[in-house]
$ cat structure_24.cif   # mmCIF, C-alpha atoms and all ligand atoms
data_upload
loop_
_atom_site.label_atom_id
_atom_site.label_comp_id
_atom_site.auth_asym_id
_atom_site.auth_seq_id
_atom_site.Cartn_x
_atom_site.Cartn_y
_atom_site.Cartn_z
CA MET A 1 85.71 146.02 177.43
CA TYR A 2 88.58 144.15 175.81
CA ARG A 3 91.45 143.15 178.09
CA LEU A 4 94.90 142.93 176.48
CA TYR A 5 97.73 140.98 178.10
CA ASP A 6 100.91 142.59 176.86
CA PHE A 7 104.54 143.65 177.35
CA LEU A 8 105.21 147.24 176.22
CA PRO A 9 108.49 146.72 174.30
CA SER A 10 106.85 143.94 172.26
CA GLY A 11 106.20 144.73 168.60
CA ASN A 12 103.65 141.92 168.48
CA GLY A 13 101.78 143.57 171.33
CA TYR A 14 102.21 146.99 169.74
CA LYS A 15 100.36 145.86 166.61
CA VAL A 16 97.26 145.24 168.70
CA ARG A 17 97.63 148.38 170.83
CA LEU A 18 98.06 150.50 167.72
CA LEU A 19 95.01 149.09 165.96
CA LEU A 20 92.81 149.34 169.07
CA THR A 21 93.90 152.95 169.49
CA GLN A 22 93.30 153.82 165.83
CA LEU A 23 89.88 152.17 166.00
CA ALA A 24 89.18 154.24 169.14
CA ILE A 25 88.32 151.06 171.05
CA PRO A 26 89.02 151.40 174.79
CA PHE A 27 90.80 148.46 176.38
CA GLU A 28 92.21 147.36 179.69
CA LEU A 29 95.91 146.66 179.62
CA VAL A 30 97.45 143.92 181.77
CA LEU A 31 101.23 144.18 181.65
CA LEU A 32 103.30 141.05 182.11
CA ASP A 33 107.10 140.96 182.24
CA ILE A 34 108.12 138.26 179.79
CA THR A 35 111.73 138.50 181.01
CA LYS A 36 110.55 137.23 184.40
CA GLY A 37 108.53 134.33 183.01
CA GLU A 38 105.21 135.96 183.80
CA THR A 39 103.60 134.39 180.70
CA ARG A 40 104.71 130.94 181.82
CA THR A 41 102.76 130.72 185.06
CA PRO A 42 100.01 128.10 185.39
CA GLU A 43 97.48 130.92 185.60
CA PHE A 44 98.54 132.48 182.31
CA LEU A 45 99.08 129.12 180.55
CA ALA A 46 95.43 128.34 181.33
CA LYS A 47 94.55 131.40 179.22
CA ASN A 48 97.11 130.79 176.45
CA ALA A 49 98.76 127.39 176.39
CA ASN A 50 101.47 128.86 174.15
CA GLY A 51 102.65 131.10 177.01
CA ARG A 52 103.01 134.28 175.00
CA ILE A 53 101.62 137.77 174.70
CA PRO A 54 99.77 139.46 173.09
CA LEU A 55 96.60 137.81 174.31
CA LEU A 56 93.21 139.45 173.91
CA GLU A 57 90.32 138.57 176.21
CA VAL A 58 87.50 139.22 173.78
CA GLU A 59 84.83 138.48 176.36
CA THR A 60 84.92 137.02 179.84
CA ASP A 61 87.15 133.92 179.75
CA VAL A 62 87.29 133.90 175.92
CA TYR A 63 90.85 134.43 174.70
CA LEU A 64 92.45 135.06 171.32
CA ALA A 65 96.21 134.69 170.84
CA GLU A 66 98.61 135.45 167.94
CA SER A 67 99.05 139.11 167.11
CA ASN A 68 98.05 138.82 163.47
CA ALA A 69 94.95 136.74 164.27
CA ILE A 70 93.95 139.49 166.69
CA LEU A 71 94.47 142.10 163.95
CA MET A 72 92.24 140.05 161.65
CA TYR A 73 89.55 139.77 164.30
CA LEU A 74 89.54 143.45 165.24
CA SER A 75 89.74 144.83 161.70
CA GLU A 76 86.87 142.83 160.20
CA GLY A 77 84.29 145.27 158.84
CA THR A 78 86.53 148.32 159.34
CA ALA A 79 88.52 150.55 156.98
CA PHE A 80 91.69 148.71 158.05
CA LEU A 81 90.73 145.58 156.09
CA PRO A 82 89.57 145.47 152.46
CA GLN A 83 86.36 143.57 151.77
CA ASP A 84 87.39 142.45 148.28
CA ARG A 85 88.34 138.76 148.41
CA LEU A 86 91.69 139.06 146.64
CA ALA A 87 92.69 142.26 148.43
CA LYS A 88 91.85 140.63 151.76
CA ALA A 89 93.94 137.59 150.81
CA ARG A 90 96.83 139.93 149.99
CA VAL A 91 96.56 141.29 153.52
CA TRP A 92 96.83 137.73 154.84
CA GLN A 93 99.80 137.24 152.47
CA TRP A 94 101.70 140.05 154.17
CA LEU A 95 100.69 138.85 157.65
CA PHE A 96 102.06 135.36 156.94
CA PHE A 97 105.17 136.87 155.37
CA GLU A 98 105.65 138.92 158.51
CA GLN A 99 105.49 135.88 160.77
CA TYR A 100 107.64 133.59 158.60
CA SER A 101 110.23 135.82 156.93
CA HIS A 102 110.42 139.07 158.89
CA GLU A 103 109.63 138.65 162.59
CA PRO A 104 111.77 135.54 163.24
CA ASN A 105 114.83 137.41 161.95
CA ILE A 106 114.37 141.09 162.80
CA ALA A 107 112.29 140.84 165.97
CA THR A 108 114.30 137.98 167.42
CA SER A 109 117.58 139.83 166.79
CA ARG A 110 116.13 142.93 168.45
CA PHE A 111 114.98 140.95 171.47
CA TRP A 112 118.35 139.30 171.94
CA LEU A 113 120.22 142.60 171.58
CA THR A 114 117.94 144.64 173.82
CA HIS A 115 117.24 142.06 176.53
CA GLY A 116 120.59 140.34 176.72
CA MET A 117 121.88 137.15 175.19
CA GLY A 118 124.59 134.63 175.88
CA ALA A 119 127.66 134.12 173.71
CA GLU A 120 126.05 130.96 172.32
CA LYS A 121 123.58 133.16 170.40
CA GLN A 122 126.26 135.07 168.43
CA GLN A 123 126.19 132.70 165.47
CA ALA A 124 122.41 132.55 165.41
CA LEU A 125 122.33 136.35 165.48
CA ALA A 126 124.72 136.54 162.51
CA ASP A 127 122.67 133.93 160.64
CA LYS A 128 119.59 136.15 160.85
CA GLN A 129 121.21 139.02 158.96
CA ALA A 130 120.79 137.69 155.39
CA PRO A 131 117.15 136.53 155.71
CA GLY A 132 116.25 139.69 157.64
CA TYR A 133 117.67 141.91 154.90
CA ALA A 134 115.95 139.74 152.28
CA ALA A 135 112.62 140.46 153.98
CA LEU A 136 113.35 144.20 153.97
CA GLN A 137 114.16 143.98 150.25
CA VAL A 138 110.79 142.34 149.56
CA MET A 139 109.13 145.30 151.25
CA GLU A 140 111.37 147.78 149.40
CA ASN A 141 110.36 146.25 146.07
CA ARG A 142 106.65 146.49 146.80
CA LEU A 143 106.91 150.04 148.15
CA THR A 144 108.89 151.32 145.16
CA ASP A 145 105.69 151.95 143.23
CA HIS A 146 103.02 151.71 145.93
CA PRO A 147 102.46 153.89 149.00
CA PHE A 148 101.24 150.99 151.18
CA LEU A 149 101.49 147.21 151.15
CA VAL A 150 97.99 146.42 149.88
CA GLU A 151 95.62 148.34 147.62
CA ASP A 152 97.53 151.61 148.02
CA ARG A 153 95.86 152.29 151.33
CA TYR A 154 96.70 151.82 154.99
CA THR A 155 95.60 148.39 156.28
CA ILE A 156 96.51 145.97 159.04
CA ALA A 157 99.24 144.66 156.71
CA ASP A 158 101.03 147.97 157.27
CA ILE A 159 100.46 147.79 161.02
CA ALA A 160 101.84 144.23 161.17
CA LEU A 161 104.99 145.08 159.21
CA TYR A 162 105.53 148.48 160.80
CA ALA A 163 105.76 147.01 164.30
CA TYR A 164 109.24 145.53 163.93
CA THR A 165 110.48 147.41 160.84
CA HIS A 166 110.46 150.77 162.59
CA VAL A 167 112.70 149.37 165.34
CA ALA A 168 114.82 147.20 163.01
CA GLU A 169 117.95 149.18 163.88
CA GLU A 170 117.61 147.97 167.49
CA GLY A 171 118.12 144.51 166.01
CA ASN A 172 121.21 145.67 164.10
CA PHE A 173 119.41 146.00 160.76
CA SER A 174 120.25 149.26 159.00
CA LEU A 175 117.51 150.80 156.88
CA GLY A 176 120.11 152.87 155.02
CA ASN A 177 119.66 150.96 151.76
CA TYR A 178 115.86 150.94 151.95
CA PRO A 179 114.65 154.46 151.10
CA GLN A 180 111.18 153.30 150.10
CA VAL A 181 110.77 151.48 153.40
CA ARG A 182 111.88 154.61 155.27
CA ALA A 183 109.38 156.77 153.36
CA TRP A 184 106.64 154.21 154.09
CA LEU A 185 107.51 154.27 157.81
CA ASN A 186 106.85 158.02 157.74
CA ARG A 187 103.53 157.50 155.95
CA VAL A 188 102.48 154.94 158.56
CA SER A 189 103.52 157.07 161.54
CA GLY A 190 101.64 159.97 159.93
CA GLN A 191 98.30 158.14 160.06
CA PRO A 192 95.59 159.57 162.33
CA ASN A 193 95.85 158.53 165.99
CA HIS A 194 99.23 156.90 165.54
CA VAL A 195 100.95 156.15 168.86
CA PRO A 196 104.57 155.18 169.52
CA ILE A 197 105.44 151.66 170.59
CA THR A 198 105.82 152.15 174.33
CA GLN A 199 103.26 154.91 174.71
CA SER A 200 100.37 153.02 173.24
CA GLY A 201 99.27 151.07 176.24
CA PHE A 202 96.25 152.87 177.50
CA GLY A 203 93.85 153.20 174.65
CA PRO A 204 92.21 156.44 173.54
N1 LIG B 1 103.49 134.56 166.83
C1 LIG B 1 103.20 135.23 168.08
C2 LIG B 1 104.51 135.52 168.79
C3 LIG B 1 104.26 136.00 170.21
C4 LIG B 1 105.57 136.16 170.96
O1 LIG B 1 106.64 135.69 170.54
N2 LIG B 1 105.46 136.83 172.09
C5 LIG B 1 106.62 137.06 172.90
C6 LIG B 1 106.80 138.57 173.09
S1 LIG B 1 106.99 139.40 171.53
C7 LIG B 1 106.40 136.43 174.27
O2 LIG B 1 105.33 136.52 174.83
N3 LIG B 1 107.46 135.78 174.83
C8 LIG B 1 107.38 135.26 176.16
C9 LIG B 1 107.77 133.83 176.23
O3 LIG B 1 107.99 133.19 175.18
O4 LIG B 1 107.85 133.35 177.35
C10 LIG B 1 102.41 136.50 167.82
O5 LIG B 1 102.52 137.06 166.72
O6 LIG B 1 101.65 136.93 168.70
#
$ encode --input "structure_24.cif" --output "C-alpha cells"
Amino acid sequence: MYRLYDFLPSGNGYKVRLLLTQLAIPFELVLLDITKGETRTPEFLAKNANGRIPLLEVETDVYLAESNAILMYLSEGTAFLPQDRLAKARVWQWLFFEQYSHEPNIATSRFWLTHGMGAEKQQALADKQAPGYAALQVMENRLTDHPFLVEDRYTIADIALYAYTHVAEEGNFSLGNYPQVRAWLNRVSGQPNHVPITQSGFGP
C-alpha cells in the first residue's frame, strides 16, 4: 500500500490525496506538522532531502517527492492523463505553470496569512498580488471557451490547479472578477469521488 507523508492544510498534499481517492487507491497517511519542523528532522530528510511534503512511499524505502511528479506517476495509464503526446504535454504545461506562476504567489500568500507571518513579509505579500492575479487571468482566458484545462475533460491539470485556486481567497485573492474560474471550480468539485481539502486524508 502507498504511504503518503502529508500535512492536511497543504494544497500540494491535497492534490495527491484527491487523485488517490478518485482513483480508489487505498493509502496510509502519515501526518507531519510542517509548522513544527517535522519535515526537517534527520529521519525525514533521509527520505526527502528537500524536507517537504507531500512525499509518496511508492514501495518500501522508495520515495517520490514533488506533488506534480506524484500526480504524473499515479495518473499514467488512467483516465486522468491523456495518452496523446501533445495533449499529455499540455498537461505538463499546466503543471509547470502551476509551480512557477500560480503556487509561489497564491499558495505562499495563503500560507503566510493562515499560519502567521512577521511584519517583514508585508511587502513580499503585496508583491505577490499582481503575479497571482495574472495567473488567475491565464486560467480565466483558457476556461472562457473550454470546460477544463486540457482536452475539454477532467485531468490531473485540473487537480493541480484546483488545489490552491479553490482556497485563493484565504491568500487574499478575490475570485470576483473570474467567473469562468468560479464555474470551473464547481465543475471540478462536482467530479465523482471529490473530497474537500482537509477531509481527504484517509483514502476510499
Ligand atoms: N514543489 C513542492 C512544494 C512542496 C512544499 O512546499 N511543501 C510544503 C507544504 S505545502 C512543506 O512541506 N513545507 C515544509 C518546509 O518547508 O519545511 C511540491 O509541489 O510538492
$ residues_near_ligand --input "structure_24.cif" --ligand "ligand LIG 1 (chain B)" --cutoff "8 Å" --atoms "only C-alpha atoms and all ligand atoms" --output "JSON list (two decimals) with C-alpha atoms, keeping the file's coordinate frame"
[["chain", "number", "residue", "atom", "x", "y", "z"],
["A", 6, "ASP", "CA", 100.91, 142.59, 176.86],
["A", 7, "PHE", "CA", 104.54, 143.65, 177.35],
["A", 9, "PRO", "CA", 108.49, 146.72, 174.30],
["A", 10, "SER", "CA", 106.85, 143.94, 172.26],
["A", 11, "GLY", "CA", 106.20, 144.73, 168.60],
["A", 12, "ASN", "CA", 103.65, 141.92, 168.48],
["A", 13, "GLY", "CA", 101.78, 143.57, 171.33],
["A", 34, "ILE", "CA", 108.12, 138.26, 179.79],
["A", 35, "THR", "CA", 111.73, 138.50, 181.01],
["A", 37, "GLY", "CA", 108.53, 134.33, 183.01],
["A", 38, "GLU", "CA", 105.21, 135.96, 183.80],
["A", 39, "THR", "CA", 103.60, 134.39, 180.70],
["A", 40, "ARG", "CA", 104.71, 130.94, 181.82],
["A", 50, "ASN", "CA", 101.47, 128.86, 174.15],
["A", 51, "GLY", "CA", 102.65, 131.10, 177.01],
["A", 52, "ARG", "CA", 103.01, 134.28, 175.00],
["A", 53, "ILE", "CA", 101.62, 137.77, 174.70],
["A", 54, "PRO", "CA", 99.77, 139.46, 173.09],
["A", 55, "LEU", "CA", 96.60, 137.81, 174.31],
["A", 65, "ALA", "CA", 96.21, 134.69, 170.84],
["A", 66, "GLU", "CA", 98.61, 135.45, 167.94],
["A", 67, "SER", "CA", 99.05, 139.11, 167.11],
["A", 68, "ASN", "CA", 98.05, 138.82, 163.47],
["A", 69, "ALA", "CA", 94.95, 136.74, 164.27],
["A", 99, "GLN", "CA", 105.49, 135.88, 160.77],
["A", 107, "ALA", "CA", 112.29, 140.84, 165.97]]
$ closest_residue --input "structure_24.cif" --among "A:Leu113, A:Arg142, A:Ala124, A:Tyr5" --to "Glu169 in chain A" --atoms "all atoms listed in the file"
A:Leu113
$ closest_residue --input "structure_24.cif" --among "A:Phe44, A:Glu76, A:Val62, A:Gln129" --to "Arg3 in chain A" --atoms "all atoms listed in the file"
A:Val62
$ residues_around --input "structure_24.cif" --residues "Leu136 in chain A" --least-positions-apart "2" --cutoff "8 Å" --atoms "all atoms listed in the file" --output "list in words"
His102, Gly132, Tyr133, Ala134, Val138, Met139, Glu140, Tyr178 and Val181 of chain A
$ residues_around --input "structure_24.cif" --residues "range 146-149 of chain A" --least-positions-apart "5" --cutoff "10 Å" --atoms "only C-alpha atoms" --output "PyMOL selection string"
chain A and resi 90-91+94+139-141+154-159+161+180-181+183-185+187-188
$ atom_distance --input "structure_24.cif" --atom1 "CA of Glu43 in chain A" --atom2 "CA of Leu29 in chain A"
16.9 Å
$ residues_around --input "structure_24.cif" --residues "Ser75 in chain A" --least-positions-apart "5" --cutoff "10 Å" --atoms "all atoms listed in the file" --output "list of chain:residue names"
A:Leu19, A:Leu20, A:Leu23, A:Ala69, A:Ile70, A:Phe80, A:Leu81, A:Pro82, A:Thr155, A:Ile156
$ atom_distance --input "structure_24.cif" --atom1 "CA of Tyr63 in chain A" --atom2 "CA of Lys47 in chain A"
6.6 Å
$ residues_around --input "structure_24.cif" --residues "Pro104 in chain A" --least-positions-apart "4" --cutoff "10 Å" --atoms "all atoms listed in the file" --output "PyMOL selection string"
chain A and resi 98-100+108-109+128+131-132
$ closest_residue --input "structure_24.cif" --among "A:Ser101, A:Met1, A:Leu18, A:Phe27" --to "Thr198 in chain A" --atoms "only C-alpha atoms"
A:Leu18
$ atom_distance --input "structure_24.cif" --atom1 "CA of Ile106 in chain A" --atom2 "CA of Met72 in chain A"
22.2 Å
$ closest_residue --input "structure_24.cif" --among "A:Thr114, A:Phe97, A:Ala163, A:Tyr2" --to "Ala135 in chain A" --atoms "all atoms listed in the file"
A:Phe97
$ build_atoms --input "structure_24.cif" --residues "range 159-171 of chain A" --atoms "N, CA and C atoms" --output "compact mmCIF listing (two decimals), in the coordinates of the input"
# COMPACT_ATOMS: atom_id res chain seq x y z
N ILE A 159 100.26 147.82 159.56
CA ILE A 159 100.46 147.79 161.02
C ILE A 159 101.36 146.60 161.39
N ALA A 160 101.07 145.44 160.82
CA ALA A 160 101.84 144.23 161.17
C ALA A 160 103.32 144.38 160.80
N LEU A 161 103.59 144.96 159.64
CA LEU A 161 104.99 145.08 159.21
C LEU A 161 105.69 146.28 159.85
N TYR A 162 104.92 147.30 160.17
CA TYR A 162 105.53 148.48 160.80
C TYR A 162 106.12 148.13 162.17
N ALA A 163 105.44 147.25 162.89
CA ALA A 163 105.76 147.01 164.30
C ALA A 163 107.25 146.72 164.53
N TYR A 164 107.82 145.83 163.73
CA TYR A 164 109.24 145.53 163.93
C TYR A 164 110.15 146.21 162.92
N THR A 165 109.60 146.71 161.79
CA THR A 165 110.48 147.41 160.84
C THR A 165 110.94 148.74 161.42
N HIS A 166 110.05 149.44 162.13
CA HIS A 166 110.46 150.77 162.59
C HIS A 166 111.48 150.70 163.73
N VAL A 167 111.66 149.53 164.31
CA VAL A 167 112.70 149.37 165.34
C VAL A 167 113.78 148.38 164.87
N ALA A 168 113.87 148.18 163.55
CA ALA A 168 114.82 147.20 163.01
C ALA A 168 116.26 147.53 163.43
N GLU A 169 116.57 148.82 163.55
CA GLU A 169 117.95 149.18 163.88
C GLU A 169 118.32 148.69 165.28
N GLU A 170 117.32 148.53 166.15
CA GLU A 170 117.61 147.97 167.49
C GLU A 170 118.01 146.50 167.38
N GLY A 171 117.70 145.89 166.26
CA GLY A 171 118.12 144.51 166.01
C GLY A 171 119.33 144.44 165.10
